[in-house]
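Trainee: Structure supplied as target.pdb; contents: PDB, C-alpha atoms and all ligand atoms.
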ATOM      1  CA  MET F  26      39.187-132.402   1.297
ATOM      2  CA  ASN F  27      35.789-130.816   0.771
ATOM      3  CA  ILE F  28      33.281-133.310  -0.567
ATOM      4  CA  ASN F  29      30.981-131.863  -3.215
ATOM      5  CA  LEU F  30      28.427-134.447  -4.373
ATOM      6  CA  LEU F  31      26.829-133.971  -7.806
ATOM      7  CA  THR F  32      23.964-136.386  -8.468
ATOM      8  CA  PHE F  33      22.535-137.459 -11.807
ATOM      9  CA  ASP F  34      19.559-139.620 -12.705
ATOM     10  CA  THR F  35      21.128-141.072 -15.845
ATOM     11  CA  ILE F  36      24.641-140.585 -17.114
ATOM     12  CA  ASP F  37      26.932-142.368 -19.571
ATOM     13  CA  SER F  38      29.624-143.045 -16.956
ATOM     14  CA  THR F  39      30.335-141.266 -13.682
ATOM     15  CA  ASN F  40      34.053-141.699 -14.428
ATOM     16  CA  THR F  41      33.683-139.993 -17.815
ATOM     17  CA  GLU F  42      31.821-137.089 -16.183
ATOM     18  CA  ALA F  43      34.420-136.803 -13.397
ATOM     19  CA  LEU F  44      37.237-136.808 -16.002
ATOM     20  CA  LYS F  45      35.419-134.006 -17.825
ATOM     21  CA  GLN F  46      34.968-131.986 -14.631
ATOM     22  CA  ALA F  47      38.613-132.495 -13.622
ATOM     23  CA  ARG F  48      39.795-131.230 -17.022
ATOM     24  CA  LEU F  49      37.577-128.175 -16.500
ATOM     25  CA  GLY F  50      39.393-127.551 -13.233
ATOM     26  CA  ALA F  51      37.156-129.242 -10.645
ATOM     27  CA  GLU F  52      38.598-129.222  -7.131
ATOM     28  CA  GLU F  53      39.435-132.542  -5.566
ATOM     29  CA  GLY F  54      36.475-133.886  -3.632
ATOM     30  CA  VAL F  55      34.005-133.382  -6.470
ATOM     31  CA  CYS F  56      31.976-136.606  -6.607
ATOM     32  CA  ILE F  57      29.631-137.784  -9.313
ATOM     33  CA  VAL F  58      26.840-140.197  -8.366
ATOM     34  CA  ALA F  59      24.198-141.530 -10.738
ATOM     35  CA  ARG F  60      21.143-143.763 -10.384
ATOM     36  CA  GLN F  61      22.069-145.484 -13.625
ATOM     37  CA  GLN F  62      24.854-145.495 -16.198
ATOM     38  CA  THR F  63      24.354-146.150 -19.895
ATOM     39  CA  ALA F  64      28.061-146.774 -20.552
ATOM     40  CA  GLY F  65      29.497-147.895 -17.215
ATOM     41  CA  ARG F  66      33.117-148.968 -17.627
ATOM     42  CA  GLY F  67      35.212-151.570 -15.861
ATOM     43  CA  ARG F  68      38.901-152.394 -16.131
ATOM     44  CA  HIS F  69      40.388-153.634 -19.405
ATOM     45  CA  GLY F  70      37.571-152.054 -21.443
ATOM     46  CA  ARG F  71      34.911-154.248 -19.846
ATOM     47  CA  THR F  72      31.351-153.076 -19.342
ATOM     48  CA  TRP F  73      30.050-152.377 -15.833
ATOM     49  CA  VAL F  74      26.373-153.289 -15.843
ATOM     50  CA  SER F  75      24.595-150.298 -14.285
ATOM     51  CA  GLU F  76      20.833-150.833 -14.130
ATOM     52  CA  PRO F  77      18.741-148.134 -12.377
ATOM     53  CA  ASP F  78      19.144-148.257  -8.588
ATOM     54  CA  ALA F  79      20.776-151.675  -8.745
ATOM     55  CA  GLY F  80      24.105-150.346  -7.556
ATOM     56  CA  LEU F  81      26.043-147.373  -6.311
ATOM     57  CA  TYR F  82      27.786-145.712  -9.250
ATOM     58  CA  PHE F  83      30.239-143.233  -7.799
ATOM     59  CA  SER F  84      33.348-141.361  -8.965
ATOM     60  CA  ILE F  85      35.557-138.889  -7.136
ATOM     61  CA  VAL F  86      38.137-136.398  -8.394
ATOM     62  CA  LEU F  87      41.434-136.598  -6.484
ATOM     63  CA  ARG F  88      44.593-134.531  -6.905
ATOM     64  CA  PRO F  89      47.031-136.549  -4.792
ATOM     65  CA  LYS F  90      50.133-134.874  -3.471
ATOM     66  CA  ILE F  91      52.290-137.978  -3.506
ATOM     67  CA  GLU F  92      55.302-139.136  -5.525
ATOM     68  CA  THR F  93      54.296-140.507  -8.946
ATOM     69  CA  GLN F  94      55.692-143.951  -8.094
ATOM     70  CA  TYR F  95      53.094-144.276  -5.324
ATOM     71  CA  LEU F  96      50.068-143.379  -7.474
ATOM     72  CA  PRO F  97      48.957-147.055  -7.682
ATOM     73  CA  LEU F  98      48.361-146.847  -3.932
ATOM     74  CA  VAL F  99      45.342-144.616  -4.611
ATOM     75  CA  THR F 100      43.575-147.762  -5.840
ATOM     76  CA  LEU F 101      44.639-149.778  -2.784
ATOM     77  CA  MET F 102      43.605-146.924  -0.480
ATOM     78  CA  THR F 103      40.188-146.942  -2.141
ATOM     79  CA  GLY F 104      39.880-150.709  -1.693
ATOM     80  CA  VAL F 105      40.468-150.221   2.024
ATOM     81  CA  ALA F 106      37.852-147.450   2.142
ATOM     82  CA  VAL F 107      35.268-149.552   0.273
ATOM     83  CA  HIS F 108      36.005-152.506   2.550
ATOM     84  CA  ASP F 109      35.273-150.408   5.656
ATOM     85  CA  THR F 110      32.170-148.892   4.057
ATOM     86  CA  LEU F 111      30.761-152.363   3.399
ATOM     87  CA  ALA F 112      31.665-153.392   6.952
ATOM     88  CA  GLU F 113      29.680-150.432   8.293
ATOM     89  CA  PHE F 114      26.657-151.923   6.514
ATOM     90  CA  GLY F 115      27.333-155.391   7.918
ATOM     91  CA  VAL F 116      29.074-156.877   4.881
ATOM     92  CA  ALA F 117      32.434-158.560   5.530
ATOM     93  CA  ALA F 118      34.432-158.461   2.303
ATOM     94  CA  ASP F 119      37.870-159.568   1.178
ATOM     95  CA  ILE F 120      40.000-157.377  -1.095
ATOM     96  CA  LYS F 121      41.256-159.276  -4.114
ATOM     97  CA  TRP F 122      44.358-157.651  -5.536
ATOM     98  CA  VAL F 123      44.223-155.119  -6.834
ATOM     99  CA  ASN F 124      40.808-153.597  -6.715
ATOM    100  CA  ASP F 125      37.964-156.081  -6.323
ATOM    101  CA  LEU F 126      35.878-156.558  -3.208
ATOM    102  CA  HIS F 127      34.625-160.103  -2.811
ATOM    103  CA  VAL F 128      32.278-161.895  -0.438
ATOM    104  CA  ASP F 129      32.529-165.709  -0.438
ATOM    105  CA  GLY F 130      34.496-165.517  -3.673
ATOM    106  CA  LYS F 131      31.878-163.419  -5.477
ATOM    107  CA  LYS F 132      32.445-159.832  -6.577
ATOM    108  CA  ILE F 133      30.412-157.156  -4.794
ATOM    109  CA  SER F 134      32.398-154.080  -5.820
ATOM    110  CA  GLY F 135      34.974-152.942  -8.358
ATOM    111  CA  ILE F 136      37.223-149.897  -8.604
ATOM    112  CA  LEU F 137      38.425-148.158 -11.761
ATOM    113  CA  ALA F 138      41.125-145.497 -11.277
ATOM    114  CA  GLU F 139      42.022-143.315 -14.265
ATOM    115  CA  THR F 140      44.499-140.445 -14.489
ATOM    116  CA  THR F 141      44.279-137.317 -16.607
ATOM    117  CA  ASP F 142      46.341-134.175 -17.101
ATOM    118  CA  THR F 143      44.441-131.027 -16.243
ATOM    119  CA  PRO F 144      45.341-127.318 -16.113
ATOM    120  CA  LYS F 145      45.757-127.777 -12.341
ATOM    121  CA  GLY F 146      48.070-130.788 -12.717
ATOM    122  CA  LEU F 147      47.467-134.502 -12.656
ATOM    123  CA  ALA F 148      44.074-135.699 -11.447
ATOM    124  CA  VAL F 149      43.093-139.227 -10.502
ATOM    125  CA  ILE F 150      39.487-140.217 -11.032
ATOM    126  CA  VAL F 151      38.461-143.079  -8.812
ATOM    127  CA  GLY F 152      35.273-144.825  -9.864
ATOM    128  CA  ILE F 153      33.554-147.260  -7.546
ATOM    129  CA  GLY F 154      30.693-149.589  -8.331
ATOM    130  CA  ILE F 155      28.956-151.414  -5.481
ATOM    131  CA  ASN F 156      26.259-153.966  -6.289
ATOM    132  CA  LEU F 157      23.121-153.261  -4.285
ATOM    133  CA  ARG F 158      20.757-155.783  -5.865
ATOM    134  CA  SER F 159      21.272-159.076  -7.664
ATOM    135  CA  SER F 160      17.929-159.227  -9.457
ATOM    136  CA  ASN F 161      19.174-157.606 -12.664
ATOM    137  CA  PHE F 162      22.512-159.381 -12.987
ATOM    138  CA  PRO F 163      22.966-160.514 -16.590
ATOM    139  CA  PRO F 164      23.519-164.290 -16.947
ATOM    140  CA  GLU F 165      27.254-163.889 -17.616
ATOM    141  CA  ILE F 166      27.938-162.489 -14.140
ATOM    142  CA  ALA F 167      25.094-164.116 -12.187
ATOM    143  CA  ASP F 168      27.386-166.869 -10.841
ATOM    144  CA  THR F 169      30.373-164.689 -10.046
ATOM    145  CA  ALA F 170      28.778-161.554  -8.584
ATOM    146  CA  THR F 171      26.919-160.811  -5.394
ATOM    147  CA  SER F 172      25.206-157.786  -3.899
ATOM    148  CA  MET F 173      24.487-156.109  -0.588
ATOM    149  CA  GLN F 174      20.914-157.313  -0.848
ATOM    150  CA  GLU F 175      22.118-160.913  -1.082
ATOM    151  CA  GLN F 176      24.560-160.510   1.797
ATOM    152  CA  ARG F 177      22.485-158.296   4.075
ATOM    153  CA  PRO F 178      18.852-158.339   2.886
ATOM    154  CA  MET F 179      17.794-155.876   5.601
ATOM    155  CA  SER F 180      20.327-153.284   4.475
ATOM    156  CA  VAL F 181      18.607-152.680   1.130
ATOM    157  CA  PRO F 182      14.979-151.495   1.300
ATOM    158  CA  PRO F 183      12.553-153.387  -0.932
ATOM    159  CA  ALA F 184      11.610-151.807  -4.245
ATOM    160  CA  VAL F 185       8.693-149.366  -4.059
ATOM    161  CA  ALA F 186       5.553-151.298  -4.979
ATOM    162  CA  GLY F 187       4.575-151.055  -8.600
ATOM    163  CA  GLY F 188       7.458-149.064  -9.895
ATOM    164  CA  SER F 189      11.120-148.288  -9.862
ATOM    165  CA  SER F 190      12.768-148.440  -6.498
ATOM    166  CA  HIS F 191      14.217-145.475  -4.663
ATOM    167  CA  PRO F 192      16.448-147.060  -2.075
ATOM    168  CA  THR F 193      17.918-144.686   0.417
ATOM    169  CA  ASN F 194      21.038-146.763   0.577
ATOM    170  CA  PRO F 195      22.943-145.298  -2.363
ATOM    171  CA  SER F 196      23.140-141.923  -0.644
ATOM    172  CA  GLU F 197      23.868-143.482   2.757
ATOM    173  CA  LEU F 198      26.521-145.631   1.132
ATOM    174  CA  ALA F 199      27.982-142.636  -0.698
ATOM    175  CA  GLU F 200      28.166-140.729   2.576
ATOM    176  CA  ALA F 201      30.000-143.564   4.347
ATOM    177  CA  LEU F 202      32.262-144.005   1.336
ATOM    178  CA  THR F 203      33.309-140.363   1.238
ATOM    179  CA  LYS F 204      33.984-140.514   5.001
ATOM    180  CA  TYR F 205      36.364-143.473   4.626
ATOM    181  CA  ILE F 206      37.972-142.186   1.404
ATOM    182  CA  THR F 207      38.706-138.856   3.101
ATOM    183  CA  TYR F 208      40.173-140.637   6.133
ATOM    184  CA  PHE F 209      42.494-143.012   4.230
ATOM    185  CA  TYR F 210      43.368-140.427   1.550
ATOM    186  CA  ASP F 211      44.656-138.114   4.287
ATOM    187  CA  ILE F 212      46.775-140.971   5.638
ATOM    188  CA  LEU F 213      48.131-141.770   2.146
ATOM    189  CA  GLN F 214      49.429-138.219   1.811
ATOM    190  CA  THR F 215      51.457-138.236   5.030
ATOM    191  CA  ASP F 216      55.200-139.050   5.108
ATOM    192  CA  THR F 217      54.522-142.618   6.213
ATOM    193  CA  GLY F 218      51.328-142.918   4.157
ATOM    194  CA  ALA F 219      52.555-145.485   1.639
ATOM    195  CA  THR F 220      53.566-148.042   4.266
ATOM    196  CA  GLU F 221      50.471-147.339   6.358
ATOM    197  CA  ILE F 222      48.114-147.941   3.420
ATOM    198  CA  ILE F 223      49.882-151.176   2.534
ATOM    199  CA  ASP F 224      49.533-152.272   6.135
ATOM    200  CA  GLU F 225      45.819-151.390   6.198
ATOM    201  CA  TRP F 226      45.376-153.296   2.931
ATOM    202  CA  ARG F 227      47.215-156.330   4.371
ATOM    203  CA  LYS F 228      44.814-156.434   7.334
ATOM    204  CA  ARG F 229      41.793-156.608   5.015
ATOM    205  CA  SER F 230      42.977-158.975   2.275
ATOM    206  CA  THR F 231      43.618-162.707   2.244
ATOM    207  CA  TYR F 232      45.529-162.127  -1.000
ATOM    208  CA  PHE F 233      48.444-160.416   0.733
ATOM    209  CA  SER F 234      50.481-163.591   1.234
ATOM    210  CA  GLY F 235      50.247-167.348   1.050
ATOM    211  CA  LYS F 236      47.420-167.454  -1.483
ATOM    212  CA  SER F 237      47.727-169.776  -4.497
ATOM    213  CA  VAL F 238      46.857-167.666  -7.510
ATOM    214  CA  ARG F 239      46.892-167.531 -11.271
ATOM    215  CA  VAL F 240      47.946-164.145 -12.620
ATOM    216  CA  VAL F 241      46.562-163.386 -16.053
ATOM    217  CA  LEU F 242      48.802-160.922 -17.873
ATOM    218  CA  GLU F 243      48.392-159.547 -21.388
ATOM    219  CA  ASN F 244      50.230-162.374 -23.155
ATOM    220  CA  GLU F 245      50.716-165.068 -20.550
ATOM    221  CA  SER F 246      49.461-166.409 -17.285
ATOM    222  CA  LEU F 247      51.532-167.438 -14.275
ATOM    223  CA  GLU F 248      50.803-169.564 -11.236
ATOM    224  CA  GLY F 249      52.319-169.130  -7.824
ATOM    225  CA  VAL F 250      51.777-168.065  -4.239
ATOM    226  CA  THR F 251      51.360-164.451  -3.154
ATOM    227  CA  ASP F 252      54.306-163.046  -1.246
ATOM    228  CA  GLY F 253      53.358-159.562  -0.029
ATOM    229  CA  LEU F 254      53.242-156.213  -1.801
ATOM    230  CA  GLU F 255      55.968-153.945  -3.125
ATOM    231  CA  PRO F 256      56.124-150.401  -1.642
ATOM    232  CA  ASN F 257      54.013-149.131  -4.581
ATOM    233  CA  GLY F 258      51.347-151.813  -4.138
ATOM    234  CA  ALA F 259      52.530-154.204  -6.871
ATOM    235  CA  LEU F 260      51.878-157.853  -6.019
ATOM    236  CA  ARG F 261      54.791-160.210  -5.367
ATOM    237  CA  VAL F 262      54.138-163.764  -6.529
ATOM    238  CA  LYS F 263      56.520-166.627  -5.737
ATOM    239  CA  LEU F 264      56.609-169.034  -8.676
ATOM    240  CA  ASN F 265      57.142-172.784  -8.429
ATOM    241  CA  ASP F 266      60.858-172.431  -9.245
ATOM    242  CA  GLY F 267      61.275-170.159  -6.200
ATOM    243  CA  SER F 268      61.700-166.944  -8.173
ATOM    244  CA  VAL F 269      59.529-163.952  -7.360
ATOM    245  CA  THR F 270      57.707-162.050 -10.073
ATOM    246  CA  ILE F 271      56.330-158.571  -9.471
ATOM    247  CA  VAL F 272      52.916-157.933 -10.927
ATOM    248  CA  GLN F 273      52.173-154.261 -11.590
ATOM    249  CA  ALA F 274      48.916-154.879 -13.463
ATOM    250  CA  GLY F 275      46.883-157.943 -14.331
ATOM    251  CA  ASP F 276      43.987-160.067 -13.182
ATOM    252  CA  VAL F 277      44.504-162.368 -10.235
ATOM    253  CA  GLU F 278      42.398-165.475  -9.654
ATOM    254  CA  GLN F 279      42.465-167.696  -6.611
ATOM    255  CA  LEU F 280      43.658-171.166  -7.627
ATOM    256  CA  ARG F 281      42.473-173.189  -4.671
ATOM    257  CA  ALA F 282      41.847-172.697  -0.974
ATOM    258  CA  THR F 283      45.091-172.535   0.982
TER     259      THR F 283
HETATM  260  C1  LIG C   1      36.114-153.201 -12.413
HETATM  261  O1  LIG C   1      35.961-154.001 -11.493
HETATM  262  O2  LIG C   1      36.426-153.582 -13.540
HETATM  263  C2  LIG C   1      35.924-151.733 -12.123
HETATM  264  C3  LIG C   1      34.493-151.353 -12.160
HETATM  265  C4  LIG C   1      34.250-149.888 -11.861
HETATM  266  C5  LIG C   1      32.805-149.491 -12.053
HETATM  267  C6  LIG C   1      32.540-148.090 -11.592
HETATM  268  S1  LIG C   1      30.818-147.713 -11.519
HETATM  269  C7  LIG C   1      31.184-146.033 -11.251
HETATM  270  C8  LIG C   1      32.345-145.682 -12.142
HETATM  271  N1  LIG C   1      31.884-145.322 -13.468
HETATM  272  C9  LIG C   1      32.271-146.191 -14.397
HETATM  273  O3  LIG C   1      32.002-146.118 -15.609
HETATM  274  N2  LIG C   1      33.001-147.157 -13.839
HETATM  275  C10 LIG C   1      33.159-146.975 -12.413
END
Translate this structure into structure tokens?
Mentor:
Amino acid sequence: MNINLLTFDTIDSTNTEALKQARLGAEEGVCIVARQQTAGRGRHGRTWVSEPDAGLYFSIVLRPKIETQYLPLVTLMTGVAVHDTLAEFGVAADIKWVNDLHVDGKKISGILAETTDTPKGLAVIVGIGINLRSSNFPPEIADTATSMQEQRPMSVPPAVAGGSSHPTNPSELAEALTKYITYFYDILQTDTGATEIIDEWRKRSTYFSGKSVRVVLENESLEGVTDGLEPNGALRVKLNDGSVTIVQAGDVEQLRAT
């Protein structure tokens, strides 16, 4: 995959721009990076707070050559790639199913994958937000979010005196990210890719098995213990009555330390 990085100062959402480019026929590997987003989006219609230079706001166009049933693995593959990117910068994160990167229980990164039909076939837009600084967290996420600055103060240069900051890290981060995405995306598209990605995910997530969780679905919430992943990345949760429920989509919260 040829990486082609397009950078913006301000944009509504890097995912929206990548969707637009994909529909216009962009090759896979086109990446959109912005210093700030005015309409950053998270999962379930949530807002992704995107203050200038406070995070990496990154989206990539992918055109995966895999069976449709395995498309959810693109998100898991990305979680693995973000995990290794953070590790390269000295941040040890856990992957919370399905797409959150946490450090000490606080969110440092989120992933939003969206699909769209294009004249060249289906495209998957993978958007990644990584918190670089905590200073601008709004009160509602201040207790539940963390940043690279908080975890590894030396990895984020201080703001330029007297004005907006121009950290070099977003571009260094983006470079590492594209390296790991390319690596794991290639693996995903091999014959054994699906099982390999699940195995890589298992090695990096405490949520794979034995974790007491609450799963919040659209109309109900369930409690149980995680019991591995299905071949397409869905989460298996063993309920108190011994039955196993398969969660394709939903929010997972840790119930208590196990
Ligand atoms: C989530 O955890 O809910 C997913 C958050 C994804 C945020 C990123 S920031 C770059 C890209 N552009 C967006 O509008 N959203 C994603």
Trainee: I'd like the neighbourhood of Gln214 (chain F) as a list in words, where a residue qualifies if any of its atoms comes within 12 Å (using all atoms listed in the file), though same-chain residues fewer than 6 positions away should be ignored.
Mentor: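 Once the nearby chain positions are removed, what remains is Met26, Leu87, Arg88, Pro89, Lys90, Ile91, Glu92, Tyr95, Leu96, Leu98, Val99, Met102, Thr207, Tyr208, Thr220, Glu221 and Ile222 of chain F.
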Trainee: Please produce a file of the residues just selected, as a CSV table (one decimal), in the coordinates of the input, where the atoms kept are C-alpha atoms.
Mentor:
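Generated output (out.csv):
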chain,number,residue,atom,x,y,z
F,26,MET,CA,39.2,-132.4,1.3
F,87,LEU,CA,41.4,-136.6,-6.5
F,88,ARG,CA,44.6,-134.5,-6.9
F,89,PRO,CA,47.0,-136.5,-4.8
F,90,LYS,CA,50.1,-134.9,-3.5
F,91,ILE,CA,52.3,-138.0,-3.5
F,92,GLU,CA,55.3,-139.1,-5.5
F,95,TYR,CA,53.1,-144.3,-5.3
F,96,LEU,CA,50.1,-143.4,-7.5
F,98,LEU,CA,48.4,-146.8,-3.9
F,99,VAL,CA,45.3,-144.6,-4.6
F,102,MET,CA,43.6,-146.9,-0.5
F,207,THR,CA,38.7,-138.9,3.1
F,208,TYR,CA,40.2,-140.6,6.1
F,220,THR,CA,53.6,-148.0,4.3
F,221,GLU,CA,50.5,-147.3,6.4
F,222,ILE,CA,48.1,-147.9,3.4
Trainee: For ligand LIG 1 (chain C), list the contacting residues at 7 Å or closer, counting all atoms listed in the file, as a ChimeraX atom specification.
Mentor: /F:38-41,64-68,71,73,82-84,124-125,134-137,152-154
Trainee: How would the residues just picked look written out with C-alpha atoms as a PDB file, keeping the file's coordinate frame?
Mentor:
ATOM      1  CA  SER F  38      29.624-143.045 -16.956  1.00  0.00           C
ATOM      2  CA  THR F  39      30.335-141.266 -13.682  1.00  0.00           C
ATOM      3  CA  ASN F  40      34.053-141.699 -14.428  1.00  0.00           C
ATOM      4  CA  THR F  41      33.683-139.993 -17.815  1.00  0.00           C
ATOM      5  CA  ALA F  64      28.061-146.774 -20.552  1.00  0.00           C
ATOM      6  CA  GLY F  65      29.497-147.895 -17.215  1.00  0.00           C
ATOM      7  CA  ARG F  66      33.117-148.968 -17.627  1.00  0.00           C
ATOM      8  CA  GLY F  67      35.212-151.570 -15.861  1.00  0.00           C
ATOM      9  CA  ARG F  68      38.901-152.394 -16.131  1.00  0.00           C
ATOM     10  CA  ARG F  71      34.911-154.248 -19.846  1.00  0.00           C
ATOM     11  CA  TRP F  73      30.050-152.377 -15.833  1.00  0.00           C
ATOM     12  CA  TYR F  82      27.786-145.712  -9.250  1.00  0.00           C
ATOM     13  CA  PHE F  83      30.239-143.233  -7.799  1.00  0.00           C
ATOM     14  CA  SER F  84      33.348-141.361  -8.965  1.00  0.00           C
ATOM     15  CA  ASN F 124      40.808-153.597  -6.715  1.00  0.00           C
ATOM     16  CA  ASP F 125      37.964-156.081  -6.323  1.00  0.00           C
ATOM     17  CA  SER F 134      32.398-154.080  -5.820  1.00  0.00           C
ATOM     18  CA  GLY F 135      34.974-152.942  -8.358  1.00  0.00           C
ATOM     19  CA  ILE F 136      37.223-149.897  -8.604  1.00  0.00           C
ATOM     20  CA  LEU F 137      38.425-148.158 -11.761  1.00  0.00           C
ATOM     21  CA  GLY F 152      35.273-144.825  -9.864  1.00  0.00           C
ATOM     22  CA  ILE F 153      33.554-147.260  -7.546  1.00  0.00           C
ATOM     23  CA  GLY F 154      30.693-149.589  -8.331  1.00  0.00           C
TER      24      GLY F 154
END
Trainee: Quote the spacing between CA of Cys56 (chain F) and CA of Thr169 (chain F) in Å to one decimal place.
Mentor: 28.3 Å
Trainee: Care to translate the PyMOL selection byres (((chain F and resi 141) around 12) and not hetatm) into actual residues of this file, as a ChimeraX atom specification?
Mentor: /F:40-41,43-50,86-88,138-140,142-151
Trainee: Tell me which residues the PyMOL selection byres (((chain F and resi 36) around 7) and not hetatm) grabs here, as a CSV table (one decimal) with C-alpha atoms, in the frame of the given file.
Mentor:
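Printed below is selection.csv as written:
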chain,number,residue,atom,x,y,z
F,33,PHE,CA,22.5,-137.5,-11.8
F,34,ASP,CA,19.6,-139.6,-12.7
F,35,THR,CA,21.1,-141.1,-15.8
F,37,ASP,CA,26.9,-142.4,-19.6
F,38,SER,CA,29.6,-143.0,-17.0
F,39,THR,CA,30.3,-141.3,-13.7
F,59,ALA,CA,24.2,-141.5,-10.7
F,61,GLN,CA,22.1,-145.5,-13.6
F,62,GLN,CA,24.9,-145.5,-16.2
F,63,THR,CA,24.4,-146.2,-19.9
Trainee: Report as a VMD selection string all protein, DNA and RNA residues lying within 9 Å of Ala201 (chain F), evaluated on all atoms listed in the file, omitting residues in the same chain fewer than 5 positions from it.
Mentor: chain F and resid 107 109 to 111 113 196 206
Trainee: May I have the residues from that selection written out with C-alpha atoms, as a PDB file, in the frame of the given file?
Mentor:
ATOM      1  CA  VAL F 107      35.268-149.552   0.273  1.00  0.00           C
ATOM      2  CA  ASP F 109      35.273-150.408   5.656  1.00  0.00           C
ATOM      3  CA  THR F 110      32.170-148.892   4.057  1.00  0.00           C
ATOM      4  CA  LEU F 111      30.761-152.363   3.399  1.00  0.00           C
ATOM      5  CA  GLU F 113      29.680-150.432   8.293  1.00  0.00           C
ATOM      6  CA  SER F 196      23.140-141.923  -0.644  1.00  0.00           C
ATOM      7  CA  ILE F 206      37.972-142.186   1.404  1.00  0.00           C
TER       8      ILE F 206
END
Trainee: For the atom pair CA of Leu264 (chain F) and CA of Gly70 (chain F), what is the interatomic distance in Å to one decimal place?
Mentor: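 Taking CA of Leu264 (chain F) and CA of Gly70 (chain F), their separation equals 28.5 Å.
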Trainee: Grab the CA of Gly130 (chain F) to CA of Ala170 (chain F) distance for me, in Å with one decimal place.
Mentor: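 Rounded to one decimal, the two atoms are 8.5 Å apart.
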Trainee: Report the residues retrieved by the PyMOL selection byres (((chain F and resi 270-275) around 9) and not hetatm) from the displayed file, expressed as a CSV table (one decimal) with C-alpha atoms, in the frame of the given file.
Mentor:
chain,number,residue,atom,x,y,z
F,97,PRO,CA,49.0,-147.1,-7.7
F,123,VAL,CA,44.2,-155.1,-6.8
F,240,VAL,CA,47.9,-164.1,-12.6
F,241,VAL,CA,46.6,-163.4,-16.1
F,242,LEU,CA,48.8,-160.9,-17.9
F,243,GLU,CA,48.4,-159.5,-21.4
F,254,LEU,CA,53.2,-156.2,-1.8
F,255,GLU,CA,56.0,-153.9,-3.1
F,257,ASN,CA,54.0,-149.1,-4.6
F,258,GLY,CA,51.3,-151.8,-4.1
F,259,ALA,CA,52.5,-154.2,-6.9
F,260,LEU,CA,51.9,-157.9,-6.0
F,261,ARG,CA,54.8,-160.2,-5.4
F,262,VAL,CA,54.1,-163.8,-6.5
F,263,LYS,CA,56.5,-166.6,-5.7
F,264,LEU,CA,56.6,-169.0,-8.7
F,268,SER,CA,61.7,-166.9,-8.2
F,269,VAL,CA,59.5,-164.0,-7.4
F,276,ASP,CA,44.0,-160.1,-13.2
F,277,VAL,CA,44.5,-162.4,-10.2
Trainee: With only C-alpha atoms as the basis for distance, which of F:Asn265, F:Gln279, F:Thr171, F:Thr217 is at the shortest distance from Ala118 (chain F)?
Mentor: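 The shortest atom-to-atom distance to Ala118 (chain F) comes from F:Thr171.
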Trainee: Can you work out which one of F:Arg229, F:Val58, F:Ala112, F:Thr93 has the shortest atom-to-atom distance to Gln176 (chain F), counting only C-alpha atoms?
Mentor: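 Among the listed residues, the smallest separation from Gln176 (chain F) belongs to F:Ala112.
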Trainee: Using only C-alpha atoms, find the one residue out of F:His69, F:Lys121, F:His127, F:Arg60 that sits nearest to Pro195 (chain F).
Mentor: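 Among the listed residues, the smallest separation from Pro195 (chain F) belongs to F:Arg60.
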Trainee: For each of F:Gly267, F:Glu52, F:Thr32, F:Val74, take the minimum atom-to-atom distance to Glu165 (chain F), counting only C-alpha atoms, then give the residue where this is smallest.
Mentor: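 Checking each candidate against Glu165 (chain F), we get F:Val74 as the closest.
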Trainee: With all atoms listed in the file as the atoms that count, which of F:Val238, F:Ala167, F:Leu126, F:Ala106 lies nearest to Leu198 (chain F)?
Mentor: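 For Leu198 (chain F), the nearest of the candidates is F:Ala106.
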